[in-house]
>>> print(open('run-v4.cif').read())   # mmCIF, C-alpha atoms
data_final
#
loop_
_atom_site.label_atom_id
_atom_site.label_comp_id
_atom_site.auth_asym_id
_atom_site.auth_seq_id
_atom_site.Cartn_x
_atom_site.Cartn_y
_atom_site.Cartn_z
CA MET A 1 74.55 89.74 127.45
CA LEU A 2 78.02 91.30 127.54
CA LEU A 3 78.81 92.54 124.04
CA THR A 4 82.44 93.42 123.35
CA VAL A 5 83.23 96.40 121.16
CA GLY A 6 86.66 95.70 119.67
CA ILE A 7 89.25 98.26 118.64
CA SER A 8 87.88 100.25 115.65
CA ASP A 9 84.46 98.76 116.28
CA MET A 10 80.97 99.96 117.27
CA LYS A 11 77.90 98.26 118.68
CA ILE A 12 74.35 99.43 119.30
CA SER A 13 71.74 97.67 121.38
CA SER A 14 68.19 98.19 122.55
CA ASN A 15 68.06 94.99 124.58
CA PRO A 16 67.84 95.97 128.28
CA GLU A 17 69.77 92.85 129.21
CA ASP A 18 72.81 93.91 127.21
CA VAL A 19 75.92 95.59 128.52
CA LEU A 20 78.33 96.98 125.93
CA VAL A 21 82.00 96.98 126.87
CA THR A 22 85.22 98.14 125.29
CA TYR A 23 88.58 97.17 126.80
CA SER A 24 91.95 98.84 126.99
CA LEU A 25 91.32 102.34 125.78
CA GLY A 26 94.77 103.93 125.66
CA SER A 27 95.00 106.97 123.41
CA CYS A 28 91.93 105.60 121.69
CA VAL A 29 88.64 107.15 122.58
CA GLY A 30 85.42 105.45 123.68
CA ILE A 31 82.11 107.24 123.22
CA ALA A 32 78.89 105.97 124.78
CA ILE A 33 75.68 107.53 123.49
CA TYR A 34 72.32 106.73 125.07
CA ASP A 35 68.68 107.67 124.62
CA PRO A 36 67.08 107.27 128.06
CA LEU A 37 63.49 107.20 126.75
CA GLN A 38 63.98 104.65 123.98
CA LYS A 39 66.57 102.80 126.09
CA ILE A 40 68.86 102.43 123.14
CA GLY A 41 72.57 102.99 123.26
CA GLY A 42 75.77 102.67 121.30
CA LEU A 43 79.44 102.38 122.16
CA ILE A 44 82.31 103.07 119.77
CA HIS A 45 86.11 102.61 120.11
CA CYS A 46 88.08 104.84 117.71
CA MET A 47 91.87 104.77 117.36
CA LEU A 48 92.55 107.93 115.40
CA PRO A 49 90.96 111.35 114.97
CA LEU A 50 90.85 111.91 111.22
CA SER A 51 90.33 109.54 108.29
CA LYS A 52 92.40 111.62 105.87
CA VAL A 53 95.48 109.60 106.88
CA ASP A 54 94.12 106.55 105.02
CA LEU A 55 90.86 107.01 103.12
CA GLU A 56 90.85 103.42 101.84
CA LYS A 57 91.08 102.12 105.40
CA ALA A 58 88.26 104.45 106.41
CA LYS A 59 86.00 102.81 103.80
CA ASP A 60 86.77 99.32 105.14
CA VAL A 61 86.87 100.19 108.83
CA PRO A 62 84.97 103.46 109.36
CA TYR A 63 84.95 103.04 113.14
CA MET A 64 88.73 103.31 113.24
CA PHE A 65 88.43 107.11 112.93
CA VAL A 66 86.38 109.55 114.98
CA ASP A 67 85.38 111.63 111.95
CA THR A 68 83.93 108.67 110.03
CA GLY A 69 82.86 106.41 112.91
CA LEU A 70 81.03 108.80 115.18
CA PRO A 71 78.66 110.21 112.50
CA LEU A 72 77.91 106.65 111.39
CA MET A 73 77.05 105.64 114.93
CA LEU A 74 74.81 108.69 115.36
CA GLN A 75 73.05 107.99 112.06
CA THR A 76 72.43 104.36 113.06
CA LEU A 77 71.02 105.50 116.42
CA PHE A 78 68.69 107.97 114.68
CA ASN A 79 67.55 105.30 112.22
CA MET A 80 66.70 103.07 115.16
CA GLY A 81 64.49 105.74 116.70
CA ALA A 82 66.82 107.60 119.03
CA ASP A 83 66.10 111.31 119.40
CA ARG A 84 68.98 113.76 119.13
CA LYS A 85 67.51 116.04 121.82
CA ARG A 86 67.54 113.28 124.39
CA LEU A 87 70.94 111.80 123.67
CA VAL A 88 73.39 111.55 126.55
CA ALA A 89 77.04 111.31 125.50
CA LYS A 90 79.91 110.15 127.68
CA VAL A 91 83.53 110.01 126.64
CA ALA A 92 86.52 108.07 128.00
CA GLY A 93 90.09 107.36 126.95
CA GLY A 94 92.35 109.77 125.09
CA ALA A 95 95.25 108.94 127.38
CA VAL A 96 98.72 110.22 126.55
CA LEU A 97 102.20 108.94 127.17
CA LEU A 98 103.86 110.40 130.25
CA ASP A 99 105.95 112.48 127.88
CA ASP A 100 105.38 111.91 124.20
CA ASN A 101 107.59 114.88 123.43
CA GLY A 102 104.80 116.73 121.74
CA MET A 103 105.08 114.57 118.67
CA PHE A 104 101.99 112.45 118.37
CA ARG A 105 99.36 113.55 120.89
CA ILE A 106 96.93 111.02 119.53
CA GLY A 107 94.87 110.97 122.71
CA GLU A 108 94.48 114.73 122.86
CA ARG A 109 93.59 115.00 119.21
CA ASN A 110 91.04 112.19 119.45
CA HIS A 111 89.36 114.04 122.29
CA ILE A 112 89.31 117.35 120.42
CA VAL A 113 87.68 115.83 117.35
CA VAL A 114 85.05 114.05 119.48
CA ARG A 115 84.13 117.34 121.19
CA LYS A 116 83.95 119.18 117.87
CA LEU A 117 81.77 116.58 116.20
CA LEU A 118 79.36 116.24 119.10
CA TRP A 119 79.14 120.03 119.34
CA LYS A 120 78.33 120.24 115.65
CA ASN A 121 75.60 117.66 116.19
CA ASN A 122 74.14 119.60 119.12
CA ILE A 123 74.93 116.83 121.54
CA LEU A 124 76.36 117.78 124.89
CA ILE A 125 78.91 115.64 126.64
CA SER A 126 77.36 114.93 130.04
CA SER A 127 80.54 113.57 131.56
CA GLU A 128 83.98 112.43 130.52
CA ASP A 129 87.12 110.80 131.88
CA VAL A 130 89.93 111.58 129.49
CA GLY A 131 93.68 112.16 129.40
CA GLY A 132 96.25 111.03 131.92
CA THR A 133 98.44 107.98 131.45
CA LEU A 134 95.97 105.28 132.50
CA ALA A 135 94.31 102.74 130.24
CA ARG A 136 90.56 102.38 130.73
CA THR A 137 87.75 99.91 130.19
CA MET A 138 84.29 101.37 129.52
CA TYR A 139 80.88 99.73 130.07
CA LEU A 140 77.45 100.96 128.94
CA HIS A 141 74.37 99.36 130.54
CA ILE A 142 71.48 99.45 128.10
CA ILE A 143 68.84 99.12 130.81
CA ASP A 144 69.56 102.54 132.34
CA GLY A 145 72.46 104.10 130.44
CA LYS A 146 74.79 103.72 133.39
CA THR A 147 78.38 104.10 132.19
CA ILE A 148 81.11 102.50 134.25
CA ILE A 149 84.87 103.00 133.94
CA LYS A 150 87.41 100.50 135.19
CA SER A 151 90.97 101.69 135.39
CA ALA A 152 94.03 100.59 137.37
CA GLY A 153 91.96 98.35 139.62
CA LYS A 154 89.39 101.06 140.42
CA GLU A 155 85.80 101.20 139.24
CA TYR A 156 83.57 104.28 139.08
CA GLU A 157 80.49 105.63 137.37
CA LEU A 158 80.91 108.23 134.68
CA MET B 1 119.69 90.58 150.57
CA ASN B 2 117.96 93.58 148.96
CA SER B 3 115.28 93.07 146.38
CA ARG B 4 117.62 93.66 143.42
CA GLU B 5 119.84 90.80 144.56
CA LYS B 6 116.82 88.62 145.28
CA ILE B 7 115.46 89.23 141.81
CA ILE B 8 118.79 88.45 140.16
CA GLU B 9 119.02 85.29 142.27
CA LYS B 10 115.52 84.31 141.12
CA ILE B 11 116.42 84.68 137.44
CA LYS B 12 118.73 81.68 137.83
CA GLU B 13 115.77 79.51 138.87
CA ILE B 14 113.77 80.28 135.75
CA PRO B 15 113.46 77.28 133.45
CA ALA B 16 115.99 77.25 130.66
CA PHE B 17 115.00 78.28 127.17
CA PRO B 18 113.89 75.10 125.35
CA THR B 19 117.23 73.38 124.65
CA ASN B 20 116.40 72.30 121.17
CA SER B 21 115.36 75.82 120.21
CA ALA B 22 118.52 77.23 121.80
CA SER B 23 120.77 74.88 119.86
CA ILE B 24 118.98 75.71 116.61
CA LEU B 25 119.22 79.45 117.30
CA ASN B 26 122.94 79.07 117.83
CA LYS B 27 123.27 77.31 114.50
CA ILE B 28 121.24 80.02 112.81
CA ASN B 29 123.61 82.64 114.22
CA ASN B 30 126.65 80.69 113.09
CA PRO B 31 127.60 81.83 109.58
CA GLU B 32 129.10 78.43 108.83
CA SER B 33 125.80 76.59 109.23
CA HIS B 34 123.97 75.49 106.12
CA ILE B 35 120.31 76.42 106.10
CA LEU B 36 119.12 73.02 104.95
CA ASP B 37 120.95 71.40 107.86
CA ILE B 38 119.13 73.78 110.16
CA ALA B 39 115.86 72.75 108.53
CA LYS B 40 116.73 69.10 109.14
CA GLU B 41 117.47 69.75 112.78
CA ILE B 42 114.13 71.55 113.28
CA GLU B 43 112.37 68.60 111.66
CA THR B 44 113.77 66.19 114.27
CA ASP B 45 111.58 67.97 116.85
CA PRO B 46 107.91 67.31 115.98
CA THR B 47 106.43 69.85 118.41
CA LEU B 48 108.76 72.61 117.23
CA THR B 49 108.06 71.68 113.61
CA ALA B 50 104.29 71.85 114.13
CA ASN B 51 104.55 75.18 115.93
CA VAL B 52 106.88 76.77 113.40
CA LEU B 53 104.66 75.66 110.51
CA LYS B 54 101.55 76.99 112.21
CA LEU B 55 103.14 80.43 112.56
CA ALA B 56 104.86 80.31 109.17
CA ASN B 57 101.45 79.88 107.53
CA SER B 58 99.98 83.00 109.06
CA ALA B 59 99.18 85.52 106.36
CA TYR B 60 101.66 87.92 107.93
CA PHE B 61 104.58 85.73 106.86
CA ALA B 62 103.29 83.50 104.11
CA GLY B 63 100.81 85.76 102.33
CA HIS B 64 98.70 83.44 100.21
CA GLN B 65 101.27 80.66 100.00
CA THR B 66 100.86 77.40 101.86
CA ILE B 67 103.98 76.14 103.55
CA SER B 68 103.93 72.46 104.42
CA THR B 69 107.51 71.61 105.34
CA ILE B 70 110.28 73.31 107.30
CA ARG B 71 112.45 73.08 104.19
CA GLU B 72 109.89 75.14 102.28
CA ALA B 73 109.62 77.57 105.18
CA VAL B 74 113.38 78.09 105.24
CA ILE B 75 113.54 78.65 101.50
CA LEU B 76 110.43 80.81 101.10
CA LEU B 77 110.70 82.89 104.25
CA GLY B 78 114.45 83.00 104.79
CA ILE B 79 116.46 82.05 107.83
CA ASN B 80 115.77 85.31 109.69
CA ARG B 81 112.06 84.62 109.69
CA ILE B 82 112.72 81.11 110.94
CA GLN B 83 114.69 82.52 113.86
CA GLN B 84 111.78 84.84 114.67
CA LEU B 85 109.31 81.95 114.49
CA ILE B 86 111.39 79.74 116.79
CA ILE B 87 111.61 82.50 119.38
CA ALA B 88 107.90 83.25 119.05
CA THR B 89 107.00 79.60 119.61
CA ALA B 90 109.40 79.36 122.55
CA ILE B 91 107.99 82.36 124.42
CA PHE B 92 104.34 81.86 123.45
CA PRO B 93 103.26 79.37 126.17
CA THR B 94 104.62 81.62 128.94
CA ALA B 95 103.83 85.00 127.45
CA VAL B 96 100.21 84.06 126.83
CA LYS B 97 99.50 83.59 130.56
CA PRO B 98 98.04 86.35 132.72
CA LEU B 99 100.62 88.63 134.30
CA GLN B 100 99.50 89.36 137.85
CA GLY B 101 102.11 91.92 138.80
CA TYR B 102 101.17 94.12 135.82
CA ASP B 103 97.45 93.35 135.90
CA LEU B 104 97.56 91.95 132.36
CA PRO B 105 94.88 89.38 131.53
CA ALA B 106 95.75 86.19 129.63
CA GLY B 107 96.82 86.83 126.05
CA GLU B 108 97.64 90.52 126.51
CA LEU B 109 101.42 90.37 126.94
CA ILE B 110 101.91 88.13 123.93
CA LYS B 111 99.75 90.52 121.92
CA HIS B 112 101.97 93.39 123.05
CA LEU B 113 105.13 91.49 122.10
CA ILE B 114 103.81 90.48 118.68
CA GLY B 115 102.31 93.95 118.20
CA THR B 116 105.64 95.60 118.98
CA ALA B 117 107.51 93.26 116.61
CA ILE B 118 105.03 94.02 113.82
CA ALA B 119 104.89 97.77 114.55
CA SER B 120 108.71 97.96 114.40
CA GLU B 121 108.69 96.46 110.92
CA LEU B 122 105.76 98.64 109.83
CA LEU B 123 107.62 101.74 111.06
CA GLY B 124 110.66 100.73 109.03
CA LYS B 125 108.56 100.17 105.92
CA GLU B 126 106.68 103.43 106.38
CA LEU B 127 109.96 105.34 106.80
CA LYS B 128 111.45 103.45 103.85
CA GLY B 129 114.35 102.83 106.16
CA ASP B 130 116.69 99.98 106.76
CA VAL B 131 115.11 97.45 109.17
CA PRO B 132 117.88 95.30 110.65
CA PRO B 133 116.98 91.58 110.61
CA HIS B 134 116.88 91.32 114.41
CA THR B 135 114.29 94.05 114.83
CA PHE B 136 111.28 91.73 114.85
CA THR B 137 112.93 89.34 117.32
CA VAL B 138 113.84 92.15 119.70
CA GLY B 139 110.20 93.27 119.53
CA LEU B 140 109.14 89.76 120.55
CA LEU B 141 111.54 89.74 123.48
CA HIS B 142 111.62 93.33 124.71
CA ASP B 143 109.29 92.92 127.71
CA ILE B 144 110.34 89.41 128.65
CA GLY B 145 111.57 90.83 131.96
CA LYS B 146 107.94 91.59 132.82
CA ILE B 147 107.26 87.85 132.82
CA VAL B 148 109.99 87.38 135.41
CA LEU B 149 108.82 90.26 137.61
CA GLY B 150 105.10 89.68 137.10
CA THR B 151 104.92 85.88 137.29
CA PHE B 152 107.96 84.35 138.93
CA ILE B 153 108.46 87.11 141.48
CA GLU B 154 104.91 88.51 141.58
CA ILE B 155 105.98 91.99 142.49
CA ASP B 156 103.51 94.14 144.34
CA PRO B 157 102.82 96.90 141.83
CA GLU B 158 101.18 99.30 144.32
CA PRO B 159 104.30 101.09 145.63
CA ILE B 160 105.72 101.27 142.09
CA ILE B 161 102.55 102.83 140.71
CA LYS B 162 102.34 105.23 143.64
CA LYS B 163 105.92 106.34 143.11
CA ALA B 164 105.38 106.72 139.37
CA TYR B 165 102.25 108.86 139.77
CA ASP B 166 103.36 110.87 142.79
CA GLU B 167 106.67 111.83 141.21
CA ARG B 168 105.63 111.76 137.52
CA LEU B 169 108.23 109.10 136.85
CA SER B 170 107.99 106.70 133.95
CA PHE B 171 107.11 103.21 135.10
CA GLU B 172 110.51 101.62 134.51
CA LYS B 173 112.23 104.37 136.52
CA ALA B 174 109.81 103.77 139.40
CA GLU B 175 110.52 100.03 139.15
CA LYS B 176 114.20 100.75 139.45
CA GLU B 177 113.73 103.00 142.48
CA ILE B 178 111.51 100.51 144.33
CA LEU B 179 113.00 97.18 143.25
CA GLY B 180 116.52 98.30 142.45
CA ILE B 181 116.11 96.92 138.94
CA ASP B 182 113.66 97.45 136.07
CA HIS B 183 112.00 95.00 133.65
CA SER B 184 114.45 95.89 130.83
CA GLU B 185 117.49 94.88 132.84
CA VAL B 186 115.75 91.77 134.20
CA GLY B 187 114.93 90.76 130.62
CA ALA B 188 118.51 91.32 129.50
CA LEU B 189 119.87 89.26 132.42
CA LEU B 190 117.49 86.42 131.60
CA MET B 191 118.59 86.47 127.96
CA GLN B 192 122.20 86.44 129.11
CA ALA B 193 121.44 83.35 131.21
CA TRP B 194 119.95 81.82 128.07
CA ASN B 195 123.13 82.61 126.10
CA PHE B 196 121.37 84.89 123.66
CA PRO B 197 123.60 87.05 121.44
CA ASN B 198 124.29 90.71 122.20
CA VAL B 199 122.41 91.88 119.10
CA LEU B 200 119.26 90.78 120.92
CA ILE B 201 120.24 91.58 124.51
CA GLN B 202 121.44 95.19 124.10
CA PRO B 203 118.27 96.55 122.46
CA VAL B 204 116.12 94.80 125.11
CA LEU B 205 118.27 96.32 127.87
CA TYR B 206 117.92 99.84 126.46
CA HIS B 207 114.41 99.78 125.03
CA HIS B 208 113.35 102.54 127.44
CA GLU B 209 116.65 104.45 127.18
CA PRO B 210 117.63 104.16 123.52
CA ASP B 211 120.28 106.89 123.81
CA LYS B 212 122.38 104.55 125.94
CA ALA B 213 122.34 101.71 123.41
CA PRO B 214 125.70 101.02 121.75
CA ARG B 215 125.77 102.64 118.33
CA GLU B 216 125.58 99.42 116.34
CA TYR B 217 122.34 98.44 118.14
CA GLN B 218 120.76 101.87 118.27
CA LEU B 219 118.57 101.63 115.16
CA VAL B 220 116.89 98.43 116.38
CA THR B 221 116.52 99.93 119.85
CA ASP B 222 114.91 103.08 118.42
CA TYR B 223 112.40 101.10 116.37
CA VAL B 224 111.39 98.88 119.27
CA HIS B 225 111.24 101.80 121.71
CA ILE B 226 108.78 103.72 119.54
CA ALA B 227 106.86 100.60 118.44
CA SER B 228 106.26 99.48 122.02
CA ASN B 229 104.93 102.92 122.99
CA LEU B 230 102.70 102.96 119.93
CA CYS B 231 101.19 99.62 120.97
CA LEU B 232 100.52 100.95 124.46
CA GLU B 233 98.80 103.98 122.94
CA CYS B 234 96.62 101.62 120.95
CA GLY B 235 95.77 99.70 124.10
CA ILE B 236 97.69 96.64 122.95
CA GLY B 237 98.86 95.06 126.17
CA SER B 238 98.66 98.06 128.47
CA GLY B 239 98.32 96.88 132.04
CA ILE B 240 98.51 98.69 135.33
CA ASP B 241 101.53 100.61 134.05
CA GLY B 242 99.24 102.07 131.37
CA LEU B 243 100.88 104.69 129.17
CA ASN B 244 103.27 105.69 131.91
CA TYR B 245 106.29 105.68 129.63
CA SER B 246 108.02 108.36 127.57
CA ASN B 247 108.93 108.76 123.94
CA ASN B 248 112.59 109.58 123.55
CA ILE B 249 112.95 112.77 121.52
CA ASN B 250 116.29 111.64 120.06
CA SER B 251 114.77 108.38 118.79
CA ILE B 252 112.06 110.40 117.07
CA GLU B 253 114.72 112.59 115.47
CA ARG B 254 117.07 109.76 114.53
CA LEU B 255 114.27 107.87 112.82
CA ASN B 256 112.75 111.09 111.46
CA ILE B 257 109.22 110.12 112.48
CA ASP B 258 106.33 112.51 112.07
CA MET B 259 102.68 112.32 113.04
CA ARG B 260 101.62 111.03 109.66
CA THR B 261 104.04 108.09 109.85
CA VAL B 262 102.74 107.19 113.27
CA GLU B 263 99.12 107.32 112.17
CA SER B 264 99.79 105.26 109.03
CA VAL B 265 101.41 102.57 111.16
CA ILE B 266 98.52 102.59 113.64
CA CYS B 267 96.00 102.21 110.78
CA LYS B 268 97.67 99.02 109.60
CA LEU B 269 98.70 97.61 112.95
CA ILE B 270 95.55 95.86 114.20
CA GLY B 271 94.93 94.23 110.82
CA GLU B 272 98.50 92.92 110.69
CA ILE B 273 98.35 91.61 114.26
CA ASN B 274 95.15 89.80 113.33
CA THR B 275 96.77 88.19 110.29
CA PHE B 276 99.57 86.99 112.58
CA MET B 277 97.23 85.70 115.28
CA GLU B 278 94.47 84.25 113.10
CA ASN B 279 95.83 80.71 113.19
CA LEU B 280 96.69 80.90 116.85
CA LYS B 281 94.50 80.12 119.79
CA THR B 282 95.62 80.04 123.39
CA GLY B 283 97.14 76.63 123.94
CA ASP B 284 97.83 76.20 120.25
CA ILE B 285 101.56 76.63 120.58
CA THR B 286 102.88 74.15 123.10
#
>>> encode(input="run-v4.cif", output="structure tokens")
Amino acid sequence: MLLTVGISDMKISSNPEDVLVTYSLGSCVGIAIYDPLQKIGGLIHCMLPLSKVDLEKAKDVPYMFVDTGLPLMLQTLFNMGADRKRLVAKVAGGAVLLDDNGMFRIGERNHIVVRKLLWKNNILISSEDVGGTLARTMYLHIIDGKTIIKSAGKEYEL
Amino acid sequence: MNSREKIIEKIKEIPAFPTNSASILNKINNPESHILDIAKEIETDPTLTANVLKLANSAYFAGHQTISTIREAVILLGINRIQQLIIATAIFPTAVKPLQGYDLPAGELIKHLIGTAIASELLGKELKGDVPPHTFTVGLLHDIGKIVLGTFIEIDPEPIIKKAYDERLSFEKAEKEILGIDHSEVGALLMQAWNFPNVLIQPVLYHHEPDKAPREYQLVTDYVHIASNLCLECGIGSGIDGLNYSNNINSIERLNIDMRTVESVICKLIGEINTFMENLKTGDIT
């Protein structure tokens, strides 16, 4: 089944028939994490890097922020039997405006916090497609962990 | 005829803005009209009444109140909100359709228009600034030119995209180079054909070049310029043009926006859009 991960949302599946998808990643960042042995994977769509901007919101919608959402996704994967040593992480999104005049850089900052947090958790990013001015859609196939990006009419494996 | 002239010619063939809505909008903009007379006129049109009430009852406008008549809506929400609701209901059926030329699936453009309208107001609130009453409406209308280019003309986006990426041009500049006109100007021309007032047309025309907006319309233009870009960053209605637009540094300075403001607005944005859309399904507004 195709399971949609909304904006500020996360889904995990261990059903080999499932494909997780998140649409229109702009500056937001999508992180797919997969355990190839257990065949369990999760996909998260975070809008902002750090929850300190609105701690109340972070309680209600932890997946809105990388620093609250990503650890929660990892913990859920571990609880479901995923092994940290086997985890394969792929990252997409973090686009920036053509010229945002150095003011907001949400995409760049999202990407930095993802890298930091995964590094701290001893998880290597196996591949990523980040930055630029294109919006992206990201798919994670639970059966084999294949991660597909669709962007501007093109489709490729990450 | 070059493509600019062809496009301008085509604008004339686009169906008129619903006449009833247009006449009511004119009355709303006429200071001599009495609001209860306007309410009466809306009530003579059952479809418009149903649509306006459906939108008026979204939590974004009504909060926890229930609004059951146009009279109540006018009194509780104020005439500005009614103007916004009439325009929203008028553009909804067209703006909800897929937009081939920009590779936007059904429902995405309307989400971008509503998102931009809401983000403009949120920005104003966050900055504790003055939000002119037309800001929301301009947000709803700012990309209406994309409907013309993407649906009625079905532009081929390939050469525009190629130009934009090869030369690091923002999308509207590439449109202008390839087509001789960009979606902002097309939108403004369409609104002119619909006899919309200048307070709405000028900010739409300059929403990618806010420095050129006449002074009296600059604040609205700045809000909508930044709000539209914020929505694109959040993936709200970004099509094949993606994030290929620029933030104007002078708008940022005029509004005095910092990173924290932007992030606070983004935090609230999706929730607010959902409260606006919760009563609406595709085909709901006819």
>>> interface_residues(input="run-v4.cif", of="chain A", to="chain B", cutoff="6 Å", atoms="all atoms listed in the file", output="list in words")
Ser24, Leu25, Gly26, Ser27, Leu97, Leu98, Asp99, Asp100, Phe104, Thr133, Leu134, Ala135 and Ala152 of chain A
>>> resolve_selection(input="run-v4.cif", expression="the PyMOL selection byres ((chain B and resi 206) around 10)", output="MDAnalysis selection string")
chainID B and resid 142 184:185 188 201:205 207:214 217:218 221:222 224:225
>>> atom_distance(input="run-v4.cif", atom1="CA of Ile123 (chain A)", atom2="CA of Lys85 (chain A)")
7.5 Å
>>> resolve_selection(input="run-v4.cif", expression="the PyMOL selection byres ((chain A and resi 138) around 8)", output="list in words")
Val21, Thr22, Tyr23, Gly30, Ala92, Arg136, Thr137, Tyr139, Leu140, Thr147, Ile148, Ile149 and Lys150 of chain A
>>> resolve_selection(input="run-v4.cif", expression="the PyMOL selection byres ((chain B and resi 138) around 8)", output="list of chain:residue names")
B:Ala117, B:His134, B:Thr135, B:Phe136, B:Thr137, B:Gly139, B:Leu140, B:Leu141, B:His142, B:Leu200, B:Pro203, B:Val204, B:Val220, B:Val224
>>> atom_distance(input="run-v4.cif", atom1="CA of Asn29 (chain B)", atom2="CA of Val199 (chain B)")
10.5 Å
>>> atom_distance(input="run-v4.cif", atom1="CA of Pro98 (chain B)", atom2="CA of Val148 (chain B)")
12.3 Å
>>> residues_around(input="run-v4.cif", residues="Ser126 (chain A)", least_positions_apart="5", cutoff="9 Å", atoms="only C-alpha atoms", output="list in words")
Val88, Ala89, Lys90, Val91 and Leu158 of chain A
>>> residues_around(input="run-v4.cif", residues="Lys116 (chain A)", least_positions_apart="4", cutoff="12 Å", atoms="all atoms listed in the file", output="NGL selection string")
:A and (49 or 66-67 or 70-71 or 109-112 or 120-125)
>>> write_last_selection(input="run-v4.cif", atoms="C-alpha atoms", output="mmCIF file, keeping the file's coordinate frame")
data_model
loop_
_atom_site.group_PDB
_atom_site.id
_atom_site.type_symbol
_atom_site.label_atom_id
_atom_site.label_comp_id
_atom_site.auth_asym_id
_atom_site.auth_seq_id
_atom_site.Cartn_x
_atom_site.Cartn_y
_atom_site.Cartn_z
ATOM 1 C CA PRO A 49 90.960 111.350 114.970
ATOM 2 C CA VAL A 66 86.380 109.550 114.980
ATOM 3 C CA ASP A 67 85.380 111.630 111.950
ATOM 4 C CA LEU A 70 81.030 108.800 115.180
ATOM 5 C CA PRO A 71 78.660 110.210 112.500
ATOM 6 C CA ARG A 109 93.590 115.000 119.210
ATOM 7 C CA ASN A 110 91.040 112.190 119.450
ATOM 8 C CA HIS A 111 89.360 114.040 122.290
ATOM 9 C CA ILE A 112 89.310 117.350 120.420
ATOM 10 C CA LYS A 120 78.330 120.240 115.650
ATOM 11 C CA ASN A 121 75.600 117.660 116.190
ATOM 12 C CA ASN A 122 74.140 119.600 119.120
ATOM 13 C CA ILE A 123 74.930 116.830 121.540
ATOM 14 C CA LEU A 124 76.360 117.780 124.890
ATOM 15 C CA ILE A 125 78.910 115.640 126.640
#
>>> closest_residue(input="run-v4.cif", among="B:Ile144, B:Ile91, B:Leu255, B:Ile79", to="Leu190 (chain B)", atoms="only C-alpha atoms")
B:Ile144
>>> residues_around(input="run-v4.cif", residues="Leu149 (chain B)", least_positions_apart="2", cutoff="8 Å", atoms="all atoms listed in the file", output="list in words")
Ile7, Gly101, Gly145, Lys146, Ile147, Thr151, Phe152, Ile153, Glu154, Ile155, His183 and Val186 of chain B
>>> closest_residue(input="run-v4.cif", among="A:His141, A:Arg105, A:Lys57, A:Lys52", to="Asn15 (chain A)", atoms="only C-alpha atoms")
A:His141
>>> closest_residue(input="run-v4.cif", among="A:Glu128, A:Glu108, A:Asp9, A:Asp18", to="Gly69 (chain A)", atoms="all atoms listed in the file")
A:Asp9
>>> closest_residue(input="run-v4.cif", among="B:Pro18, B:Gly187, B:Pro133, B:Pro31", to="Thr47 (chain B)", atoms="all atoms listed in the file")
B:Pro18
>>> closest_residue(input="run-v4.cif", among="A:Leu87, A:Ile142, A:Val5, A:Leu55", to="Lys39 (chain A)", atoms="all atoms listed in the file")
A:Ile142
>>> build_atoms(input="run-v4.cif", residues="region 19-29 of chain A", atoms="N, CA and C atoms", output="PDB file, in the coordinates of the input")
ATOM      1  N   VAL A  19      74.933  94.617 128.063  1.00  0.00           N
ATOM      2  CA  VAL A  19      75.920  95.590 128.520  1.00  0.00           C
ATOM      3  C   VAL A  19      76.993  95.637 127.434  1.00  0.00           C
ATOM      4  N   LEU A  20      77.278  96.838 126.937  1.00  0.00           N
ATOM      5  CA  LEU A  20      78.330  96.980 125.930  1.00  0.00           C
ATOM      6  C   LEU A  20      79.640  97.292 126.673  1.00  0.00           C
ATOM      7  N   VAL A  21      80.729  96.706 126.203  1.00  0.00           N
ATOM      8  CA  VAL A  21      82.000  96.980 126.870  1.00  0.00           C
ATOM      9  C   VAL A  21      83.111  97.155 125.837  1.00  0.00           C
ATOM     10  N   THR A  22      84.015  98.070 126.102  1.00  0.00           N
ATOM     11  CA  THR A  22      85.220  98.140 125.290  1.00  0.00           C
ATOM     12  C   THR A  22      86.430  98.191 126.226  1.00  0.00           C
ATOM     13  N   TYR A  23      87.414  97.338 125.921  1.00  0.00           N
ATOM     14  CA  TYR A  23      88.580  97.170 126.800  1.00  0.00           C
ATOM     15  C   TYR A  23      89.756  98.014 126.328  1.00  0.00           C
ATOM     16  N   SER A  24      90.659  98.211 127.220  1.00  0.00           N
ATOM     17  CA  SER A  24      91.950  98.840 126.990  1.00  0.00           C
ATOM     18  C   SER A  24      91.932 100.034 126.047  1.00  0.00           C
ATOM     19  N   LEU A  25      91.226 101.068 126.470  1.00  0.00           N
ATOM     20  CA  LEU A  25      91.320 102.340 125.780  1.00  0.00           C
ATOM     21  C   LEU A  25      92.611 103.007 126.245  1.00  0.00           C
ATOM     22  N   GLY A  26      93.557 103.172 125.341  1.00  0.00           N
ATOM     23  CA  GLY A  26      94.770 103.930 125.660  1.00  0.00           C
ATOM     24  C   GLY A  26      94.556 105.335 125.149  1.00  0.00           C
ATOM     25  N   SER A  27      95.257 105.680 124.060  1.00  0.00           N
ATOM     26  CA  SER A  27      95.000 106.970 123.410  1.00  0.00           C
ATOM     27  C   SER A  27      93.699 106.951 122.642  1.00  0.00           C
ATOM     28  N   CYS A  28      93.200 105.746 122.389  1.00  0.00           N
ATOM     29  CA  CYS A  28      91.930 105.600 121.690  1.00  0.00           C
ATOM     30  C   CYS A  28      90.838 106.235 122.536  1.00  0.00           C
ATOM     31  N   VAL A  29      89.701 106.498 121.869  1.00  0.00           N
ATOM     32  CA  VAL A  29      88.640 107.150 122.580  1.00  0.00           C
ATOM     33  C   VAL A  29      87.379 106.303 122.489  1.00  0.00           C
TER      34      VAL A  29
END
